[in-house]
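Okay, so here's the structure we're looking at.
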Amino acid sequence: MRNLFPRTLQTTIIFLIVGGIMALALGGYFSSASNVFTGSLVNLQAWFSARYMAVQDFFTSPRDMASLRQTNAELEAEVAELQSQVIQLQQEVGQTQVLAALVDFSRLRPENKYAAAAVIGRDPSPFLHYVIINRGSNEGILRGMPVVTHQGLIGRIDAVIADAARVQLITDPASSVNVRLQNAETEASLVGSITGDLTLELIPQDIDIERGDLVLTSGLGGGYPPDLIIGQIVNVRRRDFDLFQQATVQPVVDFNQLELVLVIVNFEPVDIAPLLPVPTP
Amino acid sequence: MRNLVAVPVILLTVILQSAVISRVYLLSGIADLPLVMLAAWALQEGVDSAWHWAIATGLLVGFISGISWVVPVAGYVAVVVLAYLFQRRVWQAPLLAMFSITFIGTLIVSFLSVGILSFSGVDLPLSDVLGLVMLPGVLLNMLLAIPVYAVMRDLARWVYPAPEVE
């Protein structure tokens, strides 16, 4: 009992002192001192928190980077796949547009029968202007048949095998097409060149021709059907001492971008070679 | 059996020439991949079948092209002859020999083409032929020479492995 009393008294006194201090603090009497104390605590906690976050970042960020890289790689692969799909679809749209134009062209000329073909190659020699198409004698393609696009004439079949054919373009230096000028109502000869330029020759001097005149096949000679569009005159060369005028023709067809063509399969070219005079010695 | 490798190589070369290389123009000139391939093949050590390759390639190109088969066959055989001559004289500088053969071979094939076409009655202005077709073609062939030489060297090492020295 003797020992118990002073201990109880001691505890009570301590509680009273602490309670009194708390009451004074809550009453605002220790505000400056508590501000210093709590400020120090907050700063200390902030310091520890910042260090902890730094350490946490140090250990966790590599994992995040790896996961971000993986996600990035997956997204890049997806983007690449979508881009290839877009390119493929654009190609299909382009081919569909060309096919639609070819169908429109064939509808405008119901008298002709066509076989569509894709251009799969060009002549290996730079001195010749030929293309190779993926249709041959198995599809009824014969030598001499005219080849067109929806824009106009491009040439005629030069050689045929079972599943392919070689087309001599009208830009070939050995090509010659009998043509007529729509506005001038005159006929001439269209020849190609090694550079792919088209030149109109044998135009009579008394004929007035102008830039923009339309050049069409005449059908003379039996090599091509009449009235196929070839191009427009862009330049006229007329010299008084020449027998004929010359003109440069801008073709309507872009010969560097040939993809799909039509072969006129019901046209039978006429071989006029036996009718040509043979020079006698 | 070693010569069987010629079949896929020649076919691939001619297909590439017709489908891809012939569409890549510099002015009006294009590269001649079969010519460069034959020059590179004939320059490799141990290769003794370049003649057959040249004739086969020439016939195939002549079959595809509108030009007479005489031009590619004679032109490519001339390239192989040149390669054998150069191989004996400038064997220490194979790339120099490669460039020289490519340059001279391109001119030979071009002049053969012009000769045959002119003989057939085709009008070919010489200025256009030289400036717009031949010189750009030479330049493009020169550009192809180094990568094609590297590929054919690897192929030759694979087909004709060097004997191991003990």
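Simple scheme: letters A, B, ... for chains in structure tokens order, numbers from 1 for residues in each chain, numbers from 1 for ligands in the order shown.
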
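Excluding Asp128 of chain B itself and any same-chain residue fewer than 2 positions from it, the protein and nucleic acid residues within 10 Å of it, counting only C-alpha atoms, are Ser193, Ile194 and Thr195 of chain A; Ser28, Leu124, Pro125, Leu126, Leu130, Gly131, Leu132, Val133 and Met134 of chain B.
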
Emit the selected residues as an mmCIF file, in the first residue's frame, including N, CA, C and O atoms.
```
data_model
loop_
_atom_site.group_PDB
_atom_site.id
_atom_site.type_symbol
_atom_site.label_atom_id
_atom_site.label_comp_id
_atom_site.auth_asym_id
_atom_site.auth_seq_id
_atom_site.Cartn_x
_atom_site.Cartn_y
_atom_site.Cartn_z
ATOM 1 N N SER A 193 10.232 6.987 -131.451
ATOM 2 C CA SER A 193 11.647 7.336 -131.429
ATOM 3 C C SER A 193 12.312 6.626 -130.263
ATOM 4 O O SER A 193 11.643 6.042 -129.404
ATOM 5 N N ILE A 194 13.622 6.702 -130.245
ATOM 6 C CA ILE A 194 14.372 6.012 -129.192
ATOM 7 C C ILE A 194 14.105 6.616 -127.819
ATOM 8 O O ILE A 194 14.223 5.955 -126.796
ATOM 9 N N THR A 195 13.721 7.899 -127.789
ATOM 10 C CA THR A 195 13.431 8.549 -126.511
ATOM 11 C C THR A 195 11.965 8.414 -126.102
ATOM 12 O O THR A 195 11.581 8.877 -125.033
ATOM 13 N N SER B 28 16.955 8.021 -121.117
ATOM 14 C CA SER B 28 16.314 6.896 -121.805
ATOM 15 C C SER B 28 17.119 5.609 -121.642
ATOM 16 O O SER B 28 16.846 4.624 -122.321
ATOM 17 N N LEU B 124 17.912 5.802 -136.013
ATOM 18 C CA LEU B 124 18.388 6.076 -134.647
ATOM 19 C C LEU B 124 19.397 7.223 -134.700
ATOM 20 O O LEU B 124 20.530 7.025 -135.127
ATOM 21 N N PRO B 125 18.992 8.422 -134.290
ATOM 22 C CA PRO B 125 19.947 9.541 -134.267
ATOM 23 C C PRO B 125 21.111 9.249 -133.316
ATOM 24 O O PRO B 125 20.888 8.892 -132.152
ATOM 25 N N LEU B 126 22.321 9.404 -133.812
ATOM 26 C CA LEU B 126 23.493 9.011 -133.022
ATOM 27 C C LEU B 126 23.626 9.842 -131.745
ATOM 28 O O LEU B 126 24.053 9.334 -130.697
ATOM 29 N N LEU B 130 23.889 8.146 -128.120
ATOM 30 C CA LEU B 130 25.036 8.323 -127.231
ATOM 31 C C LEU B 130 24.651 9.010 -125.924
ATOM 32 O O LEU B 130 24.988 8.541 -124.840
ATOM 33 N N GLY B 131 23.949 10.129 -126.060
ATOM 34 C CA GLY B 131 23.697 10.968 -124.890
ATOM 35 C C GLY B 131 22.562 10.509 -124.009
ATOM 36 O O GLY B 131 22.592 10.719 -122.793
ATOM 37 N N LEU B 132 21.552 9.897 -124.599
ATOM 38 C CA LEU B 132 20.355 9.582 -123.826
ATOM 39 C C LEU B 132 20.219 8.107 -123.475
ATOM 40 O O LEU B 132 19.456 7.754 -122.584
ATOM 41 N N VAL B 133 20.924 7.248 -124.206
ATOM 42 C CA VAL B 133 20.773 5.818 -123.939
ATOM 43 C C VAL B 133 22.077 5.181 -123.458
ATOM 44 O O VAL B 133 22.129 4.569 -122.389
ATOM 45 N N MET B 134 23.140 5.358 -124.250
ATOM 46 C CA MET B 134 24.365 4.624 -123.936
ATOM 47 C C MET B 134 25.051 5.118 -122.665
ATOM 48 O O MET B 134 25.372 4.325 -121.772
#
```

Could you tell me which residues of chain B sit within 6 Å of chain A when counting only C-alpha atoms, and give me the result as a PDB file with all heavy atoms, in the first residue's frame?
```pdb
ATOM      1  N   SER B  18      13.710  -7.757-116.758  1.00  0.00           N
ATOM      2  CA  SER B  18      12.488  -7.409-117.494  1.00  0.00           C
ATOM      3  C   SER B  18      11.440  -6.755-116.600  1.00  0.00           C
ATOM      4  O   SER B  18      10.772  -5.806-117.012  1.00  0.00           O
ATOM      5  CB  SER B  18      11.908  -8.671-118.139  1.00  0.00           C
ATOM      6  OG  SER B  18      10.706  -8.381-118.782  1.00  0.00           O
ATOM      7  N   ALA B  19      11.307  -7.263-115.376  1.00  0.00           N
ATOM      8  CA  ALA B  19      10.215  -6.793-114.525  1.00  0.00           C
ATOM      9  C   ALA B  19      10.559  -5.552-113.716  1.00  0.00           C
ATOM     10  O   ALA B  19       9.680  -4.747-113.416  1.00  0.00           O
ATOM     11  CB  ALA B  19       9.792  -7.914-113.570  1.00  0.00           C
ATOM     12  N   SER B  22      14.237  -2.788-116.082  1.00  0.00           N
ATOM     13  CA  SER B  22      13.841  -2.102-117.317  1.00  0.00           C
ATOM     14  C   SER B  22      12.855  -0.961-117.072  1.00  0.00           C
ATOM     15  O   SER B  22      12.585  -0.176-117.978  1.00  0.00           O
ATOM     16  CB  SER B  22      13.204  -3.092-118.298  1.00  0.00           C
ATOM     17  OG  SER B  22      14.162  -4.011-118.740  1.00  0.00           O
ATOM     18  N   SER B  28      16.955   8.021-121.117  1.00  0.00           N
ATOM     19  CA  SER B  28      16.314   6.896-121.805  1.00  0.00           C
ATOM     20  C   SER B  28      17.119   5.609-121.642  1.00  0.00           C
ATOM     21  O   SER B  28      16.846   4.624-122.321  1.00  0.00           O
ATOM     22  CB  SER B  28      16.153   7.215-123.298  1.00  0.00           C
ATOM     23  OG  SER B  28      15.221   8.250-123.478  1.00  0.00           O
ATOM     24  N   GLY B  29      18.101   5.644-120.771  1.00  0.00           N
ATOM     25  CA  GLY B  29      18.948   4.471-120.601  1.00  0.00           C
ATOM     26  C   GLY B  29      18.520   3.627-119.416  1.00  0.00           C
ATOM     27  O   GLY B  29      17.947   4.128-118.454  1.00  0.00           O
ATOM     28  N   ILE B  30      18.792   2.334-119.524  1.00  0.00           N
ATOM     29  CA  ILE B  30      18.504   1.424-118.415  1.00  0.00           C
ATOM     30  C   ILE B  30      19.744   0.555-118.176  1.00  0.00           C
ATOM     31  O   ILE B  30      20.607   0.444-119.043  1.00  0.00           O
ATOM     32  CB  ILE B  30      17.283   0.510-118.693  1.00  0.00           C
ATOM     33  CG1 ILE B  30      17.478  -0.267-119.999  1.00  0.00           C
ATOM     34  CG2 ILE B  30      16.004   1.307-118.726  1.00  0.00           C
ATOM     35  CD1 ILE B  30      16.386  -1.284-120.258  1.00  0.00           C
ATOM     36  N   SER B  65      13.258 -10.301-125.681  1.00  0.00           N
ATOM     37  CA  SER B  65      13.366  -8.969-126.283  1.00  0.00           C
ATOM     38  C   SER B  65      12.897  -8.969-127.733  1.00  0.00           C
ATOM     39  O   SER B  65      12.860 -10.002-128.405  1.00  0.00           O
ATOM     40  CB  SER B  65      14.821  -8.502-126.209  1.00  0.00           C
ATOM     41  OG  SER B  65      14.978  -7.299-126.911  1.00  0.00           O
ATOM     42  N   VAL B 122      15.685   0.962-138.958  1.00  0.00           N
ATOM     43  CA  VAL B 122      15.191   1.842-137.895  1.00  0.00           C
ATOM     44  C   VAL B 122      16.097   3.064-137.812  1.00  0.00           C
ATOM     45  O   VAL B 122      17.326   2.937-137.776  1.00  0.00           O
ATOM     46  CB  VAL B 122      15.183   1.098-136.538  1.00  0.00           C
ATOM     47  CG1 VAL B 122      14.700   2.022-135.433  1.00  0.00           C
ATOM     48  CG2 VAL B 122      14.315  -0.136-136.623  1.00  0.00           C
TER      49      VAL B 122
END
```

**Request:** Rounded to one decimal place, report the atom CA of Leu102 of chain A-atom CA of Asn134 of chain A distance in Å.
**Result:**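 Separating atom CA of Leu102 of chain A from atom CA of Asn134 of chain A is a distance of 16.8 Å.
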
**Request:** Find the residues around segment 235-247 of chain A up to 10 Å (only C-alpha atoms counted), leave out those fewer than 4 positions away in its own chain, and share them as a list in words.
**Result:** Ala188, Ser189, Leu190, Leu198, Thr199, Leu200, Glu201, Leu202, Ile203, Pro204, Gln205, Asp206, Ile207, Asp208, Ile209, Glu210, Arg211 and Gly212 of chain A

**Prompt:** Using only C-alpha atoms, which residues sit within 9 Å of Ile104 of chain B once same-chain residues fewer than 5 positions away are excluded, as a VMD selection string?
**Reply:** chain B and resid 79 82 99 109 138

**Request:** Enumerate, as an MDAnalysis selection string, the complete set of residues in segment 79-206 of chain A that a backbone-based DSSP assignment places in strand (DSSP E or B).
**Result:** chainID A and resid 114:122 130:133 146:148 153:160 165:169 176:181 186:191 198:204

Write a file of the just-selected residues containing C-alpha atoms, as a PDB file, in the first residue's frame.
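Now in part-v8.pdb:
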```pdb
ATOM      1  CA  TYR A 114     -11.543  -7.188-125.581  1.00  0.00           C
ATOM      2  CA  ALA A 115      -9.251  -9.327-123.497  1.00  0.00           C
ATOM      3  CA  ALA A 116      -7.807  -7.652-120.433  1.00  0.00           C
ATOM      4  CA  ALA A 117      -4.155  -8.257-119.600  1.00  0.00           C
ATOM      5  CA  ALA A 118      -1.611  -7.071-117.073  1.00  0.00           C
ATOM      6  CA  VAL A 119       1.758  -5.648-118.045  1.00  0.00           C
ATOM      7  CA  ILE A 120       4.375  -7.893-116.421  1.00  0.00           C
ATOM      8  CA  GLY A 121       7.585  -6.620-117.944  1.00  0.00           C
ATOM      9  CA  ARG A 122       9.422  -4.443-120.400  1.00  0.00           C
ATOM     10  CA  TYR A 130       8.018  -3.163-125.946  1.00  0.00           C
ATOM     11  CA  VAL A 131       6.030  -4.453-123.004  1.00  0.00           C
ATOM     12  CA  ILE A 132       5.167  -8.007-122.051  1.00  0.00           C
ATOM     13  CA  ILE A 133       1.609  -8.919-121.061  1.00  0.00           C
ATOM     14  CA  PRO A 146      -4.217  -3.740-131.358  1.00  0.00           C
ATOM     15  CA  VAL A 147      -3.694  -3.014-127.682  1.00  0.00           C
ATOM     16  CA  VAL A 148      -5.380  -0.096-125.933  1.00  0.00           C
ATOM     17  CA  LEU A 153      -3.975   3.293-128.309  1.00  0.00           C
ATOM     18  CA  ILE A 154      -0.702   1.921-126.963  1.00  0.00           C
ATOM     19  CA  GLY A 155       0.474  -0.507-129.645  1.00  0.00           C
ATOM     20  CA  ARG A 156      -0.044  -3.937-131.146  1.00  0.00           C
ATOM     21  CA  ILE A 157       0.909  -7.527-130.462  1.00  0.00           C
ATOM     22  CA  ASP A 158       4.325  -8.332-131.884  1.00  0.00           C
ATOM     23  CA  ALA A 159       4.927 -11.891-130.691  1.00  0.00           C
ATOM     24  CA  VAL A 160       2.865 -14.471-128.836  1.00  0.00           C
ATOM     25  CA  ALA A 165       2.687 -11.804-125.504  1.00  0.00           C
ATOM     26  CA  ARG A 166       5.012  -8.994-126.471  1.00  0.00           C
ATOM     27  CA  VAL A 167       3.469  -5.652-127.425  1.00  0.00           C
ATOM     28  CA  GLN A 168       5.228  -3.158-129.646  1.00  0.00           C
ATOM     29  CA  LEU A 169       4.361   0.289-128.302  1.00  0.00           C
ATOM     30  CA  SER A 176       4.608   3.552-137.664  1.00  0.00           C
ATOM     31  CA  VAL A 177       0.879   4.266-137.390  1.00  0.00           C
ATOM     32  CA  ASN A 178      -1.360   5.808-140.002  1.00  0.00           C
ATOM     33  CA  VAL A 179      -3.313   8.588-138.322  1.00  0.00           C
ATOM     34  CA  ARG A 180      -5.664  11.422-139.087  1.00  0.00           C
ATOM     35  CA  LEU A 181      -6.024  14.835-137.531  1.00  0.00           C
ATOM     36  CA  THR A 186      -5.874  15.181-143.078  1.00  0.00           C
ATOM     37  CA  GLU A 187      -3.874  12.018-142.761  1.00  0.00           C
ATOM     38  CA  ALA A 188      -0.300  11.498-141.698  1.00  0.00           C
ATOM     39  CA  SER A 189       2.129   8.972-140.310  1.00  0.00           C
ATOM     40  CA  LEU A 190       2.995   8.745-136.643  1.00  0.00           C
ATOM     41  CA  VAL A 191       6.439   7.361-135.792  1.00  0.00           C
ATOM     42  CA  LEU A 198       5.970  10.679-130.968  1.00  0.00           C
ATOM     43  CA  THR A 199       6.410  12.578-134.220  1.00  0.00           C
ATOM     44  CA  LEU A 200       3.839  13.184-136.908  1.00  0.00           C
ATOM     45  CA  GLU A 201       5.292  13.047-140.384  1.00  0.00           C
ATOM     46  CA  LEU A 202       4.073  13.353-143.968  1.00  0.00           C
ATOM     47  CA  ILE A 203       1.677  16.213-143.197  1.00  0.00           C
ATOM     48  CA  PRO A 204       1.058  18.170-146.412  1.00  0.00           C
TER      49      PRO A 204
END
```

**Request:** Please provide as an NGL selection string all residues within 10 Å of Ile272 of chain A, with the sequence filter that same-chain residues fewer than 6 positions apart are discarded (counting only C-alpha atoms).
**Result:** :A and (221-223)

**Item:** Nearest to Ala74 of chain B, chosen from B:Ala93, B:Val47, B:Met98, B:Leu112, with only C-alpha atoms counted in the distances
**Value:**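 Checking each of B:Ala93, B:Val47, B:Met98, B:Leu112 against Ala74 of chain B, counting only C-alpha atoms, the winner is B:Leu112.
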